[in-house]
Amino acid sequence: MQRICFHLRVNPDRLGEYQERHASVWPEMREALRAAGWHNYSLFLDPTGLLTGYFECEDLGQAQRAMEATSVNARWQAEMAQYFVGLGGETPDRGIVPIPEIFHLD
């Protein structure tokens, strides 16, 4: 199982809106993530807009491809893109660059 941690940057002027959107993630989006093999997924947002994400999956590329094959992901990414800065034209899910893990206590 891979443990994936990543950072993205949310526009600081839109933090409240972004949090509200995640207070009620669409049920079909939650189900698609589970079906695509995303487990133990968490997002953490600090007051500066730094978003830290963590999830576990068998294979990151496979998990991303499985999500890209869903229509719900395309809709969700299109709606979420407006909240992020510094993605260089990528959708938020493709902006994920894993942070190397250097220690794990199990």
# chains A, B, ... in the order shown; residues from 1 in each chain; ligands from 1
call {"tool": "residues_around", "arguments": {"residues": "stretch 97-106 of chain A", "least_positions_apart": "5", "cutoff": "8 Å", "atoms": "only C-alpha atoms", "output": "PyMOL selection string"}}
result
chain A and resi 4-7
call {"tool": "residues_around", "arguments": {"residues": "A:Met1", "least_positions_apart": "5", "cutoff": "9 Å", "atoms": "only C-alpha atoms", "output": "list of chain:residue names"}}
result
A:Glu56, A:Cys57, A:Glu58, A:Asp59
call {"tool": "write_last_selection", "arguments": {"atoms": "C-alpha atoms", "output": "mmCIF file, in the first residue's frame"}}
result
data_model
loop_
_atom_site.group_PDB
_atom_site.id
_atom_site.type_symbol
_atom_site.label_atom_id
_atom_site.label_comp_id
_atom_site.auth_asym_id
_atom_site.auth_seq_id
_atom_site.Cartn_x
_atom_site.Cartn_y
_atom_site.Cartn_z
ATOM 1 C CA GLU A 56 -3.440 5.419 0.725
ATOM 2 C CA CYS A 57 -3.740 3.378 -2.457
ATOM 3 C CA GLU A 58 -2.194 0.354 -4.101
ATOM 4 C CA ASP A 59 -0.795 2.350 -7.043
#
call {"tool": "select_by_dssp", "arguments": {"residues": "chain A", "states": "strand (DSSP E or B)", "output": "CSV table (one decimal) with C-alpha atoms, in the first residue's frame"}}
result
chain,number,residue,atom,x,y,z
A,2,GLN,CA,1.4,3.4,-1.0
A,3,ARG,CA,1.0,6.3,1.4
A,4,ILE,CA,0.6,9.6,-0.6
A,5,CYS,CA,1.0,13.0,0.9
A,6,PHE,CA,0.8,16.2,-1.1
A,7,HIS,CA,0.5,20.0,-0.9
A,8,LEU,CA,-1.7,22.3,-3.0
A,9,ARG,CA,-2.4,25.9,-2.5
A,10,VAL,CA,-5.9,27.2,-2.1
A,39,HIS,CA,-8.4,4.9,1.2
A,40,ASN,CA,-7.9,6.8,4.4
A,41,TYR,CA,-8.1,10.1,2.5
A,42,SER,CA,-7.8,13.3,4.5
A,43,LEU,CA,-7.4,17.0,3.7
A,44,PHE,CA,-5.9,19.6,6.1
A,45,LEU,CA,-6.1,23.3,5.4
A,50,LEU,CA,-1.7,25.5,2.3
A,51,LEU,CA,-3.6,22.3,1.7
A,52,THR,CA,-2.1,19.1,2.8
A,53,GLY,CA,-3.6,15.9,1.5
A,54,TYR,CA,-3.0,12.3,2.5
A,55,PHE,CA,-4.4,9.0,1.2
A,56,GLU,CA,-3.4,5.4,0.7
A,57,CYS,CA,-3.7,3.4,-2.5
A,84,PHE,CA,-6.6,26.8,-6.4
A,85,VAL,CA,-3.6,28.8,-7.3
call {"tool": "atom_distance", "arguments": {"atom1": "atom CA of A:Gln82", "atom2": "atom CA of A:Glu17"}}
result
10.6 Å
call {"tool": "select_by_dssp", "arguments": {"residues": "stretch 3-106 of chain A", "states": "alpha helix (DSSP H)", "output": "count of residues only"}}
result
37
call {"tool": "residues_around", "arguments": {"residues": "A:Glu31", "least_positions_apart": "4", "cutoff": "12 Å", "atoms": "only C-alpha atoms", "output": "list in words"}}
result
Val25, Trp26, Pro27, Ala35, Ala36, Gly37, Trp38, His39, Met67, Thr70, Val72 and Asn73 of chain A
